[in-house]
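Colleague: Enclosed is the structure file upload-v8.csv (CSV, C-alpha atoms and all ligand atoms).
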```
chain,number,residue,atom,x,y,z
P,523,MET,CA,-25.9,13.5,-2.6
P,524,HIS,CA,-25.5,11.4,0.5
P,525,GLN,CA,-26.5,13.2,3.7
P,526,TYR,CA,-23.1,12.6,5.3
P,527,LEU,CA,-21.1,14.1,2.4
P,528,LEU,CA,-19.8,17.7,2.5
P,529,LEU,CA,-18.1,19.0,-0.6
P,530,SER,CA,-15.6,21.8,-0.5
P,531,PRO,CA,-16.4,24.8,-2.7
P,532,GLU,CA,-13.6,23.8,-5.1
P,533,VAL,CA,-14.9,20.2,-5.4
P,534,ALA,CA,-18.5,21.3,-5.7
P,535,SER,CA,-17.7,23.7,-8.5
P,536,ALA,CA,-15.5,21.0,-10.2
P,537,ARG,CA,-18.5,18.6,-10.2
P,538,ALA,CA,-20.9,21.3,-11.4
P,539,ALA,CA,-18.5,22.1,-14.3
P,540,GLY,CA,-17.9,18.4,-15.0
P,541,LYS,CA,-14.2,18.4,-14.3
P,542,PRO,CA,-12.2,15.2,-13.3
P,543,VAL,CA,-11.6,14.9,-9.6
P,544,VAL,CA,-8.8,13.0,-7.8
P,545,ALA,CA,-9.3,11.8,-4.2
P,546,LEU,CA,-6.4,12.0,-1.6
P,547,GLU,CA,-6.3,10.3,1.8
P,548,SER,CA,-5.6,11.9,5.2
P,549,THR,CA,-4.0,9.2,7.2
P,550,ILE,CA,-0.8,9.9,5.3
P,551,ILE,CA,-1.1,13.5,6.8
P,552,SER,CA,-2.0,12.6,10.4
P,553,HIS,CA,-0.1,9.3,10.8
P,554,GLY,CA,2.2,8.9,7.8
P,555,MET,CA,4.4,12.0,7.9
P,556,PRO,CA,5.6,14.4,10.6
P,557,TYR,CA,4.5,18.0,11.0
P,558,PRO,CA,5.1,20.4,9.2
P,559,GLN,CA,6.1,18.3,6.1
P,560,ASN,CA,2.8,16.5,6.2
P,561,VAL,CA,0.7,19.6,5.7
P,562,GLN,CA,3.1,21.2,3.2
P,563,THR,CA,3.2,18.0,1.2
P,564,ALA,CA,-0.6,17.7,1.2
P,565,LYS,CA,-0.9,21.2,-0.3
P,566,GLU,CA,1.8,20.6,-2.8
P,567,VAL,CA,0.3,17.3,-4.0
P,568,GLU,CA,-3.1,19.1,-4.4
P,569,GLN,CA,-1.3,21.7,-6.6
P,570,VAL,CA,0.4,19.0,-8.7
P,571,ILE,CA,-3.1,17.6,-9.4
P,572,ARG,CA,-4.4,21.0,-10.4
P,573,ASP,CA,-1.4,21.6,-12.7
P,574,ALA,CA,-2.1,18.3,-14.4
P,575,GLY,CA,-5.7,19.3,-15.2
P,576,ALA,CA,-7.7,17.7,-12.5
P,577,VAL,CA,-9.2,18.9,-9.2
P,578,PRO,CA,-7.9,17.4,-5.9
P,579,ALA,CA,-10.3,16.3,-3.1
P,580,THR,CA,-8.5,15.4,0.2
P,581,ILE,CA,-10.9,13.4,2.3
P,582,ALA,CA,-11.4,13.3,6.1
P,583,LEU,CA,-14.1,12.9,8.6
P,584,LEU,CA,-14.8,16.1,10.5
P,585,ASP,CA,-17.8,17.3,12.7
P,586,GLY,CA,-19.9,14.3,11.7
P,587,LYS,CA,-19.4,14.8,8.0
P,588,ILE,CA,-17.4,13.1,5.3
P,589,CYS,CA,-15.5,16.1,4.0
P,590,ILE,CA,-14.6,15.8,0.3
P,591,GLY,CA,-12.0,18.5,-0.2
P,592,LEU,CA,-10.4,20.3,2.8
P,593,SER,CA,-9.6,23.9,3.6
P,594,ASP,CA,-6.1,24.9,4.7
P,595,ALA,CA,-7.3,25.1,8.3
P,596,GLN,CA,-8.7,21.6,8.0
P,597,LEU,CA,-5.4,20.3,6.6
P,598,GLU,CA,-3.6,22.0,9.5
P,599,LEU,CA,-5.9,20.4,12.0
P,600,LEU,CA,-5.3,16.9,10.6
P,601,GLY,CA,-1.6,17.5,10.5
P,602,THR,CA,-1.3,18.7,14.1
P,603,SER,CA,-4.1,17.1,16.1
P,604,PRO,CA,-2.8,14.4,18.3
P,605,ASP,CA,-6.4,13.2,18.6
P,606,ALA,CA,-6.9,12.5,14.9
P,607,ILE,CA,-8.1,8.9,14.7
P,608,LYS,CA,-6.9,6.6,12.0
P,609,VAL,CA,-10.1,5.6,10.3
P,610,SER,CA,-10.6,2.4,8.3
P,611,ARG,CA,-13.9,0.9,7.2
P,612,ARG,CA,-14.7,-0.4,10.7
P,613,ASP,CA,-14.1,3.0,12.4
P,614,MET,CA,-16.3,5.2,10.1
P,615,ALA,CA,-19.6,5.0,12.0
P,616,TYR,CA,-17.9,5.5,15.3
P,617,VAL,CA,-16.0,8.6,14.3
P,618,LEU,CA,-18.9,10.2,12.4
P,619,SER,CA,-21.5,9.6,15.1
P,620,LYS,CA,-19.1,10.9,17.8
P,621,ARG,CA,-18.1,13.8,15.6
P,622,LEU,CA,-14.4,13.1,16.1
P,623,VAL,CA,-11.5,14.1,13.9
P,624,GLY,CA,-11.0,11.2,11.5
P,625,ALA,CA,-8.1,10.7,9.1
P,626,THR,CA,-9.0,8.2,6.4
P,627,THR,CA,-6.8,5.3,5.4
P,628,VAL,CA,-6.8,3.9,1.8
P,629,ALA,CA,-9.8,1.7,2.7
P,630,ALA,CA,-11.9,4.5,4.2
P,631,THR,CA,-10.9,7.0,1.5
P,632,MET,CA,-12.0,4.5,-1.2
P,633,ILE,CA,-15.4,4.2,0.4
P,634,CYS,CA,-15.8,8.0,0.7
P,635,ALA,CA,-14.5,8.6,-2.8
P,636,ARG,CA,-17.0,6.1,-4.2
P,637,MET,CA,-19.9,7.8,-2.3
P,638,ALA,CA,-18.9,11.1,-3.9
P,639,GLY,CA,-18.6,9.5,-7.4
P,640,ILE,CA,-14.8,9.9,-7.6
P,641,SER,CA,-13.0,7.0,-9.4
P,642,VAL,CA,-9.3,7.8,-9.0
P,643,PHE,CA,-7.4,8.1,-5.7
P,644,VAL,CA,-3.8,8.9,-5.3
P,645,THR,CA,-1.7,7.9,-2.3
P,646,GLY,CA,1.9,6.8,-1.4
P,647,GLY,CA,1.6,3.1,-0.4
P,648,ILE,CA,-1.3,0.8,0.3
P,649,GLY,CA,-1.5,-1.5,3.3
P,650,GLY,CA,-1.1,-5.2,2.8
P,651,VAL,CA,-0.2,-8.5,4.4
P,652,HIS,CA,2.2,-8.0,7.2
P,653,ARG,CA,5.3,-10.2,7.7
P,654,GLY,CA,4.3,-12.9,10.1
P,655,ALA,CA,0.6,-12.6,9.3
P,656,GLU,CA,0.3,-16.4,9.6
P,657,THR,CA,0.4,-15.9,13.3
P,658,SER,CA,-0.6,-12.2,13.8
P,659,PHE,CA,-3.5,-12.3,11.2
P,660,ASP,CA,-2.4,-8.7,10.5
P,661,ILE,CA,-3.7,-8.1,7.0
P,662,SER,CA,-4.7,-4.5,6.1
P,663,ALA,CA,-8.4,-3.8,5.5
P,664,ASP,CA,-7.2,-1.9,2.4
P,665,LEU,CA,-7.0,-5.2,0.5
P,666,GLN,CA,-10.6,-6.2,1.2
P,667,GLU,CA,-11.7,-2.7,0.2
P,668,LEU,CA,-9.8,-3.1,-3.1
P,669,ALA,CA,-11.9,-6.2,-3.7
P,670,ARG,CA,-15.2,-4.5,-3.3
P,671,THR,CA,-15.1,-0.8,-4.0
P,672,ASP,CA,-14.8,0.7,-7.5
P,673,VAL,CA,-11.9,3.1,-7.2
P,674,ALA,CA,-8.5,3.0,-8.9
P,675,VAL,CA,-5.7,3.5,-6.4
P,676,VAL,CA,-2.5,5.0,-7.7
P,677,CYS,CA,0.4,4.1,-5.4
P,678,ALA,CA,4.2,3.4,-5.4
P,679,GLY,CA,3.6,-0.3,-4.5
P,680,VAL,CA,3.9,-1.5,-0.9
P,681,LYS,CA,6.7,-1.0,1.6
P,682,SER,CA,8.9,-3.9,2.5
P,683,ILE,CA,7.6,-3.6,6.0
P,684,LEU,CA,5.0,-5.9,4.5
P,685,ASP,CA,5.3,-9.3,2.9
P,686,ILE,CA,5.1,-8.1,-0.7
P,687,GLY,CA,4.7,-11.6,-2.2
P,688,LEU,CA,1.9,-12.5,0.2
P,689,THR,CA,0.2,-9.2,-0.5
P,690,LEU,CA,0.2,-9.9,-4.2
P,691,GLU,CA,-1.1,-13.4,-3.6
P,692,TYR,CA,-3.9,-12.0,-1.5
P,693,LEU,CA,-4.8,-9.5,-4.2
P,694,GLU,CA,-4.9,-12.2,-6.8
P,695,THR,CA,-7.3,-14.3,-4.6
P,696,LEU,CA,-9.5,-11.3,-4.2
P,697,GLY,CA,-9.5,-10.6,-8.0
P,698,VAL,CA,-7.8,-7.2,-7.7
P,699,PRO,CA,-5.7,-6.5,-10.8
P,700,VAL,CA,-2.2,-5.0,-10.2
P,701,VAL,CA,-1.1,-2.7,-13.0
P,702,SER,CA,2.4,-1.3,-13.3
P,703,VAL,CA,3.4,1.9,-15.0
P,704,GLY,CA,6.6,2.2,-17.1
P,705,GLN,CA,8.1,-1.2,-16.1
P,706,PRO,CA,7.0,-4.8,-15.7
P,707,GLY,CA,8.1,-5.0,-12.0
P,708,PHE,CA,5.9,-4.2,-9.0
P,709,PRO,CA,7.6,-1.4,-7.1
P,710,ALA,CA,8.5,-1.5,-3.4
P,711,PHE,CA,7.7,2.1,-2.4
P,712,PHE,CA,11.2,3.4,-1.5
P,713,THR,CA,12.8,1.4,-4.3
P,714,ARG,CA,11.7,0.7,-7.9
P,715,GLU,CA,11.8,-3.0,-7.8
P,716,SER,CA,10.3,-5.5,-5.3
P,717,GLY,CA,11.5,-8.6,-7.2
P,718,PHE,CA,7.9,-9.4,-8.1
P,719,LYS,CA,6.1,-8.6,-11.3
P,720,ALA,CA,2.8,-6.7,-11.6
P,721,ASP,CA,0.0,-8.5,-13.4
P,722,PHE,CA,-0.2,-6.1,-16.3
P,723,GLN,CA,2.0,-3.2,-17.5
P,724,LEU,CA,0.0,-0.3,-18.9
P,725,ASP,CA,2.1,2.8,-19.5
P,726,THR,CA,-0.3,5.4,-20.9
P,727,PRO,CA,-3.3,7.0,-19.1
P,728,LEU,CA,-5.5,6.0,-22.0
P,729,GLU,CA,-4.6,2.3,-21.7
P,730,GLN,CA,-5.1,2.4,-17.9
P,731,ALA,CA,-8.4,4.2,-18.3
P,732,SER,CA,-9.6,1.8,-21.0
P,733,PHE,CA,-8.6,-1.2,-18.7
P,734,ILE,CA,-10.5,0.2,-15.7
P,735,HIS,CA,-13.5,1.2,-17.7
P,736,THR,CA,-13.7,-2.3,-19.2
P,737,LYS,CA,-13.5,-3.9,-15.8
P,738,TRP,CA,-16.4,-1.9,-14.5
P,739,GLN,CA,-18.4,-2.3,-17.7
P,740,LEU,CA,-18.1,-6.1,-17.1
P,741,GLY,CA,-19.7,-5.6,-13.7
P,742,LEU,CA,-16.4,-6.7,-12.1
P,743,HIS,CA,-16.7,-4.6,-9.0
P,744,GLY,CA,-13.6,-3.6,-7.0
P,745,GLY,CA,-10.5,-1.5,-7.4
P,746,VAL,CA,-7.4,-1.6,-9.4
P,747,VAL,CA,-3.9,-1.1,-8.0
P,748,VAL,CA,-2.0,1.3,-10.3
P,749,ALA,CA,1.6,0.9,-9.2
P,750,ASN,CA,3.9,3.7,-10.2
P,751,PRO,CA,7.6,3.3,-9.2
P,752,VAL,CA,9.4,6.1,-7.4
P,753,PRO,CA,11.5,8.3,-9.8
P,754,GLU,CA,15.0,6.9,-10.1
P,755,ALA,CA,16.6,10.0,-8.7
P,756,SER,CA,14.5,9.9,-5.5
P,757,ALA,CA,14.8,6.1,-4.8
P,758,MET,CA,16.6,4.9,-1.6
P,759,PRO,CA,19.5,2.5,-1.7
P,760,LYS,CA,18.0,-1.0,-1.4
P,761,GLU,CA,20.6,-2.3,1.2
P,762,GLU,CA,20.0,0.6,3.5
P,763,ILE,CA,16.2,0.5,3.4
P,764,ASP,CA,16.2,-3.3,3.9
P,765,ARG,CA,18.5,-3.0,6.9
P,766,ILE,CA,16.5,-0.2,8.5
P,767,THR,CA,13.2,-1.9,7.8
P,768,GLY,CA,14.5,-5.0,9.5
P,769,GLN,CA,15.5,-3.0,12.6
P,770,ALA,CA,12.1,-1.2,12.7
P,771,LEU,CA,10.3,-4.6,12.5
P,772,ARG,CA,12.4,-6.0,15.3
P,773,GLU,CA,11.6,-3.0,17.5
P,774,ALA,CA,7.9,-3.2,16.8
P,775,GLY,CA,8.0,-6.9,17.9
P,776,GLU,CA,10.1,-6.1,21.1
P,777,ARG,CA,7.7,-3.3,22.1
P,778,GLY,CA,4.6,-5.4,21.5
P,779,VAL,CA,3.1,-2.9,18.9
P,780,THR,CA,-0.1,-4.4,17.5
P,781,GLY,CA,-3.2,-3.6,15.5
P,782,LYS,CA,-3.6,-0.3,13.8
P,783,ALA,CA,-0.5,1.1,15.5
P,784,VAL,CA,1.8,-1.1,13.6
P,785,THR,CA,2.0,0.7,10.3
P,786,PRO,CA,2.4,4.3,11.8
P,787,PHE,CA,5.1,2.9,14.2
P,788,LEU,CA,7.1,1.4,11.4
P,789,LEU,CA,6.7,4.5,9.2
P,790,ALA,CA,7.9,6.8,12.0
P,791,ARG,CA,10.9,4.6,12.9
P,792,ILE,CA,12.0,4.3,9.3
P,793,LYS,CA,12.0,8.0,9.0
P,794,GLU,CA,14.0,8.4,12.2
P,795,LEU,CA,16.5,5.7,11.3
P,796,THR,CA,17.2,7.3,7.9
P,797,GLN,CA,17.5,10.7,9.4
P,798,GLY,CA,14.6,11.9,7.4
P,799,ARG,CA,15.9,10.7,4.0
P,800,SER,CA,13.0,8.3,3.7
P,801,LEU,CA,10.7,11.2,4.1
P,802,ALA,CA,12.1,13.0,1.1
P,803,THR,CA,11.6,9.8,-1.0
P,804,ASN,CA,8.1,9.5,0.3
P,805,ILE,CA,7.2,13.1,-0.7
P,806,ALA,CA,8.8,12.7,-4.1
P,807,LEU,CA,6.9,9.5,-4.9
P,808,VAL,CA,3.5,10.9,-3.8
P,809,LYS,CA,4.0,13.9,-6.1
P,810,HIS,CA,4.9,11.6,-9.0
P,811,ASN,CA,1.8,9.5,-8.2
P,812,ALA,CA,-0.3,12.7,-8.3
P,813,VAL,CA,0.8,13.3,-11.9
P,814,VAL,CA,-0.1,9.8,-13.0
P,815,GLY,CA,-3.4,9.9,-11.1
P,816,ALA,CA,-4.5,13.2,-12.5
P,817,GLN,CA,-3.7,12.1,-16.0
P,818,LEU,CA,-5.6,8.9,-15.4
P,819,ALA,CA,-8.6,10.9,-14.1
P,820,VAL,CA,-8.5,13.1,-17.2
P,821,ALA,CA,-8.4,10.1,-19.5
P,822,LEU,CA,-11.2,8.2,-17.6
P,823,HIS,CA,-13.3,11.3,-17.8
P,824,GLN,CA,-13.1,11.4,-21.5
P,825,ILE,CA,-14.6,7.9,-21.8
P,826,PRO,CA,-18.4,8.2,-22.2
P,827,GLY,CA,-20.3,6.9,-19.3
P,828,MET,CA,-17.5,7.4,-16.8
P,829,GLN,CA,-18.6,10.9,-15.6
P,830,PRO,CA,-19.4,10.9,-11.9
P,831,VAL,CA,-23.0,10.0,-11.1
R,1,LIG,N1,1.7,2.8,3.9
R,1,LIG,C1,2.5,3.8,3.7
R,1,LIG,N2,2.1,5.1,4.1
R,1,LIG,C2,0.9,5.3,4.8
R,1,LIG,C3,0.1,4.1,5.0
R,1,LIG,C4,0.5,2.9,4.5
R,1,LIG,O1,3.5,3.7,3.1
R,1,LIG,O2,0.6,6.4,5.2
R,1,LIG,C5,-1.2,4.3,5.7
R,1,LIG,C6,-2.4,4.4,4.6
R,1,LIG,O3,-3.4,5.2,5.1
R,1,LIG,C7,-2.9,2.9,4.6
R,1,LIG,C8,-2.7,2.6,6.1
R,1,LIG,O4,-4.2,2.8,4.2
R,1,LIG,O5,-1.5,3.2,6.5
R,1,LIG,C9,-2.7,1.1,6.3
R,1,LIG,O6,-2.8,0.8,7.7
R,1,LIG,P1,-3.0,-0.7,8.2
R,1,LIG,O7,-1.8,-1.4,7.8
R,1,LIG,O8,-3.2,-0.5,9.7
R,1,LIG,O9,-4.2,-1.2,7.5
R,2,MN,MN,-3.1,-4.0,10.4
```
When written as C-alpha cells, how does the structure in this file appear?
Ligand code: PSU
Ligand code: MN
Modeller:
Amino acid sequence: MHQYLLLSPEVASARAAGKPVVALESTIISHGMPYPQNVQTAKEVEQVIRDAGAVPATIALLDGKICIGLSDAQLELLGTSPDAIKVSRRDMAYVLSKRLVGATTVAATMICARMAGISVFVTGGIGGVHRGAETSFDISADLQELARTDVAVVCAGVKSILDIGLTLEYLETLGVPVVSVGQPGFPAFFTRESGFKADFQLDTPLEQASFIHTKWQLGLHGGVVVANPVPEASAMPKEEIDRITGQALREAGERGVTGKAVTPFLLARIKELTQGRSLATNIALVKHNAVVGAQLAVALHQIPGMQPV
C-alpha cells in the first residue's frame, strides 16, 4: 500500500474480503452541487452502489492523505468547506504537502483510484474541450488522464457547456474508447442525445467488462469512457437547456471567468437559471450511473486476473 493512501474501514474490509469497489469523486460534492443536496446525494449514491453489490469509495485529499472512502463527517466537510480546493493532477502534491482540504476531479480521482487498485469510477459528467478552446486553450486535464490511467469512467456524457464534437475528436486522438450503454448515441448529460455517436455500443456489464479487460490485457493503457444516458423521465427539455447553457456561457465570458473556475461557474449558473431543475436531473443521472458502474465492477471482478493488486 502506498504511504499516502488511507482506506476507510469499509473499503479496507471490502479489499480484505475481495469485494468489488467503485470509486467516486469529490469535486462533484464541493464544486458541482449546492449544500445540502451535495452531501445527501453523495450518501445516496454510495448506497445505490452497495445495493447493487459493490462497495463505494468516495475519494478526497485530507490531512495529507489520499482518503479512499470517507466518513459522514468527511463528506460533510467537503460539502460545506468554502476552502475545499478543486484538485486535478497538477494540484495533488501541493494540497497533500500543505495538508489542505482537496476535492478530487475526474482526473485526480482516476489517479487515486488506480493507486488503490480500483478499476471502476462513477461520476456525473467528465470535463472536456471547452467551446472556444482554439483561443482559450481550455481543455480539461480529465482527457489526458483518460489517455494514461487505467480506470473505466462511467458518466452521462459531457455537458453542452463543452464542445462535444471536439471533445470526442480529442479522445479519439488520445486513443480513449467511448462506449455507450443502451443506445448508439453519445449522451449530453442533461439530455440523452448529443447528435454524436459513441465509438461502440455495449449494453451489458459482461460485454463492457470483457472490452475493458481486453484493452488492458493488450497493454493499451488508459481509461475507457462508459457513457450512460440520463433516464428518459429525468432528462431536461433540449431547447431549455440549450438556451440556458448559452446564457451561462455568455455570462462567464462577460465576467472574465477563466481556468479552473470556469466549470464550477457554469454548473452553478445553470442550476440557478433552471430554478434547480437541472440539479434534480444531475442527481438522477449520477444514481443511474452508480447502478451501471457497480454492475460493471461486479462483472470485471469475476474476470480472472482483474482483482485489485
Ligand atoms: N462536469 C459536470 N459536473 C462536475 C464536473 C464536470 O457535469 O462536477 C467536475 C468534475 O470533477 C470534472 C471537473 O473532473 O469538473 C472538470 O473541471 P475542468 O473543466 O476545470 O477540468
Ligand atoms: Mn479548464
Colleague: What do you get as a ChimeraX atom specification if you pick all residues at most 12 Å from ligand MN 2 (chain R), counting all atoms listed in the file?
Modeller: /P:608-610,627,629,648-655,658-665,683-684,779-788
Colleague: As number ranges by chain, please: the residues near range 585-594 of chain P (cut-off 7 Å, only C-alpha atoms, same-chain neighbours under 5 positions excluded).
Modeller: P: 526-530, 533, 579-580, 618-619, 621-622
Colleague: Could the residues in this selection be saved with C-alpha atoms as a PDB file, keeping the file's coordinate frame?
Modeller:
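The resulting file, part.pdb, is reproduced below:
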```pdb
ATOM      1  CA  TYR P 526     -23.100  12.600   5.300  1.00  0.00           C
ATOM      2  CA  LEU P 527     -21.100  14.100   2.400  1.00  0.00           C
ATOM      3  CA  LEU P 528     -19.800  17.700   2.500  1.00  0.00           C
ATOM      4  CA  LEU P 529     -18.100  19.000  -0.600  1.00  0.00           C
ATOM      5  CA  SER P 530     -15.600  21.800  -0.500  1.00  0.00           C
ATOM      6  CA  VAL P 533     -14.900  20.200  -5.400  1.00  0.00           C
ATOM      7  CA  ALA P 579     -10.300  16.300  -3.100  1.00  0.00           C
ATOM      8  CA  THR P 580      -8.500  15.400   0.200  1.00  0.00           C
ATOM      9  CA  LEU P 618     -18.900  10.200  12.400  1.00  0.00           C
ATOM     10  CA  SER P 619     -21.500   9.600  15.100  1.00  0.00           C
ATOM     11  CA  ARG P 621     -18.100  13.800  15.600  1.00  0.00           C
ATOM     12  CA  LEU P 622     -14.400  13.100  16.100  1.00  0.00           C
TER      13      LEU P 622
END
```
Colleague: If we count all atoms listed in the file, what is near Val700 in chain P at a cut-off of 8 Å, once residues fewer than 4 positions away on the same chain are taken out, given as a ChimeraX atom specification?
Modeller: /P:693,720-722,746-749
Colleague: Nearest residue to Ala770 in chain P out of P:Thr563, P:Gln596, P:Thr736, P:Ser682, using only C-alpha atoms?
Modeller: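 Going through P:Thr563, P:Gln596, P:Thr736, P:Ser682 one by one, the smallest distance to Ala770 in chain P is for P:Ser682.
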Colleague: Given all atoms listed in the file as the basis, pick out the residue of P:Val543, P:Met523, P:Val808, P:Ile550 nearest to ligand LIG 1 (chain R).
Modeller: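 The shortest atom-to-atom distance to ligand LIG 1 (chain R) comes from P:Ile550.
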Colleague: Which residue out of P:Phe711, P:Trp738, P:Phe643, P:Phe718 has the minimum interatomic distance to ligand LIG 1 (chain R) when only C-alpha atoms and all ligand atoms are used?
Modeller: P:Phe711
Colleague: If you measure from CA of Gly798 in chain P to atom C3 of ligand LIG 1 (chain R), what distance in Å do you get, rounded to one decimal?
Modeller: 16.6 Å
Colleague: To one decimal place, how far is CA of Ala536 in chain P from CA of Asn750 in chain P in Å?
Modeller: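 Between CA of Ala536 in chain P and CA of Asn750 in chain P the gap works out to 26.0 Å.
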Colleague: Pick out the closest residue to ligand LIG 1 (chain R) from this set: P:Leu599, P:Ala638, P:Leu546, P:Ala615. Count all atoms listed in the file.
Modeller: P:Leu546
Colleague: What gap, in Å, lies between CA of Gln817 in chain P and CA of Thr713 in chain P?
Modeller: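 So the answer is 22.9 Å.
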Colleague: From the list P:Ile640, P:Ala790, P:Val561, P:Val814, which residue is nearest Ser702 in chain P when using only C-alpha atoms?
Modeller: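 With only C-alpha atoms as the atom set, the closest residue is P:Val814.
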Colleague: Would you mind putting N, CA, C and O atoms back on range 809-825 of chain P and writing the result as a PDB file, in the coordinates of the input?
Modeller:
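Output (part-v4.pdb):
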```
ATOM      1  N   LYS P 809       4.150  12.851  -5.051  1.00  0.00           N
ATOM      2  CA  LYS P 809       4.000  13.900  -6.100  1.00  0.00           C
ATOM      3  C   LYS P 809       3.951  13.228  -7.485  1.00  0.00           C
ATOM      4  O   LYS P 809       3.161  13.614  -8.346  1.00  0.00           O
ATOM      5  N   HIS P 810       4.842  12.262  -7.671  1.00  0.00           N
ATOM      6  CA  HIS P 810       4.900  11.600  -9.000  1.00  0.00           C
ATOM      7  C   HIS P 810       3.563  10.803  -9.183  1.00  0.00           C
ATOM      8  O   HIS P 810       3.006  10.808 -10.279  1.00  0.00           O
ATOM      9  N   ASN P 811       3.043  10.188  -8.122  1.00  0.00           N
ATOM     10  CA  ASN P 811       1.800   9.500  -8.200  1.00  0.00           C
ATOM     11  C   ASN P 811       0.632  10.450  -8.562  1.00  0.00           C
ATOM     12  O   ASN P 811      -0.320  10.102  -9.265  1.00  0.00           O
ATOM     13  N   ALA P 812       0.746  11.671  -8.049  1.00  0.00           N
ATOM     14  CA  ALA P 812      -0.300  12.700  -8.300  1.00  0.00           C
ATOM     15  C   ALA P 812      -0.381  13.015  -9.786  1.00  0.00           C
ATOM     16  O   ALA P 812      -1.476  13.202 -10.329  1.00  0.00           O
ATOM     17  N   VAL P 813       0.759  13.068 -10.454  1.00  0.00           N
ATOM     18  CA  VAL P 813       0.800  13.300 -11.900  1.00  0.00           C
ATOM     19  C   VAL P 813       0.064  12.188 -12.632  1.00  0.00           C
ATOM     20  O   VAL P 813      -0.835  12.393 -13.459  1.00  0.00           O
ATOM     21  N   VAL P 814       0.478  10.961 -12.306  1.00  0.00           N
ATOM     22  CA  VAL P 814      -0.100   9.800 -13.000  1.00  0.00           C
ATOM     23  C   VAL P 814      -1.607   9.693 -12.688  1.00  0.00           C
ATOM     24  O   VAL P 814      -2.413   9.414 -13.588  1.00  0.00           O
ATOM     25  N   GLY P 815      -1.993   9.965 -11.435  1.00  0.00           N
ATOM     26  CA  GLY P 815      -3.400   9.900 -11.100  1.00  0.00           C
ATOM     27  C   GLY P 815      -4.249  10.943 -11.750  1.00  0.00           C
ATOM     28  O   GLY P 815      -5.367  10.664 -12.214  1.00  0.00           O
ATOM     29  N   ALA P 816      -3.716  12.151 -11.828  1.00  0.00           N
ATOM     30  CA  ALA P 816      -4.500  13.200 -12.500  1.00  0.00           C
ATOM     31  C   ALA P 816      -4.637  12.920 -13.973  1.00  0.00           C
ATOM     32  O   ALA P 816      -5.731  13.086 -14.532  1.00  0.00           O
ATOM     33  N   GLN P 817      -3.585  12.432 -14.601  1.00  0.00           N
ATOM     34  CA  GLN P 817      -3.700  12.100 -16.000  1.00  0.00           C
ATOM     35  C   GLN P 817      -4.682  10.954 -16.248  1.00  0.00           C
ATOM     36  O   GLN P 817      -5.434  10.947 -17.219  1.00  0.00           O
ATOM     37  N   LEU P 818      -4.690   9.999 -15.332  1.00  0.00           N
ATOM     38  CA  LEU P 818      -5.600   8.900 -15.400  1.00  0.00           C
ATOM     39  C   LEU P 818      -7.078   9.409 -15.250  1.00  0.00           C
ATOM     40  O   LEU P 818      -7.993   9.005 -15.989  1.00  0.00           O
ATOM     41  N   ALA P 819      -7.278  10.310 -14.294  1.00  0.00           N
ATOM     42  CA  ALA P 819      -8.600  10.900 -14.100  1.00  0.00           C
ATOM     43  C   ALA P 819      -9.097  11.623 -15.320  1.00  0.00           C
ATOM     44  O   ALA P 819     -10.260  11.511 -15.716  1.00  0.00           O
ATOM     45  N   VAL P 820      -8.184  12.358 -15.946  1.00  0.00           N
ATOM     46  CA  VAL P 820      -8.500  13.100 -17.200  1.00  0.00           C
ATOM     47  C   VAL P 820      -8.915  12.109 -18.276  1.00  0.00           C
ATOM     48  O   VAL P 820      -9.933  12.275 -18.955  1.00  0.00           O
ATOM     49  N   ALA P 821      -8.115  11.058 -18.426  1.00  0.00           N
ATOM     50  CA  ALA P 821      -8.400  10.100 -19.500  1.00  0.00           C
ATOM     51  C   ALA P 821      -9.708   9.332 -19.223  1.00  0.00           C
ATOM     52  O   ALA P 821     -10.502   9.116 -20.141  1.00  0.00           O
ATOM     53  N   LEU P 822      -9.937   8.945 -17.973  1.00  0.00           N
ATOM     54  CA  LEU P 822     -11.200   8.200 -17.600  1.00  0.00           C
ATOM     55  C   LEU P 822     -12.389   9.124 -17.898  1.00  0.00           C
ATOM     56  O   LEU P 822     -13.441   8.665 -18.349  1.00  0.00           O
ATOM     57  N   HIS P 823     -12.212  10.390 -17.621  1.00  0.00           N
ATOM     58  CA  HIS P 823     -13.300  11.300 -17.800  1.00  0.00           C
ATOM     59  C   HIS P 823     -13.730  11.505 -19.209  1.00  0.00           C
ATOM     60  O   HIS P 823     -14.859  11.891 -19.491  1.00  0.00           O
ATOM     61  N   GLN P 824     -12.787  11.212 -20.115  1.00  0.00           N
ATOM     62  CA  GLN P 824     -13.100  11.400 -21.500  1.00  0.00           C
ATOM     63  C   GLN P 824     -13.835  10.169 -22.095  1.00  0.00           C
ATOM     64  O   GLN P 824     -14.336  10.200 -23.223  1.00  0.00           O
ATOM     65  N   ILE P 825     -13.909   9.086 -21.310  1.00  0.00           N
ATOM     66  CA  ILE P 825     -14.600   7.900 -21.800  1.00  0.00           C
ATOM     67  C   ILE P 825     -16.133   8.130 -21.480  1.00  0.00           C
ATOM     68  O   ILE P 825     -16.493   8.409 -20.344  1.00  0.00           O
TER      69      ILE P 825
END
```
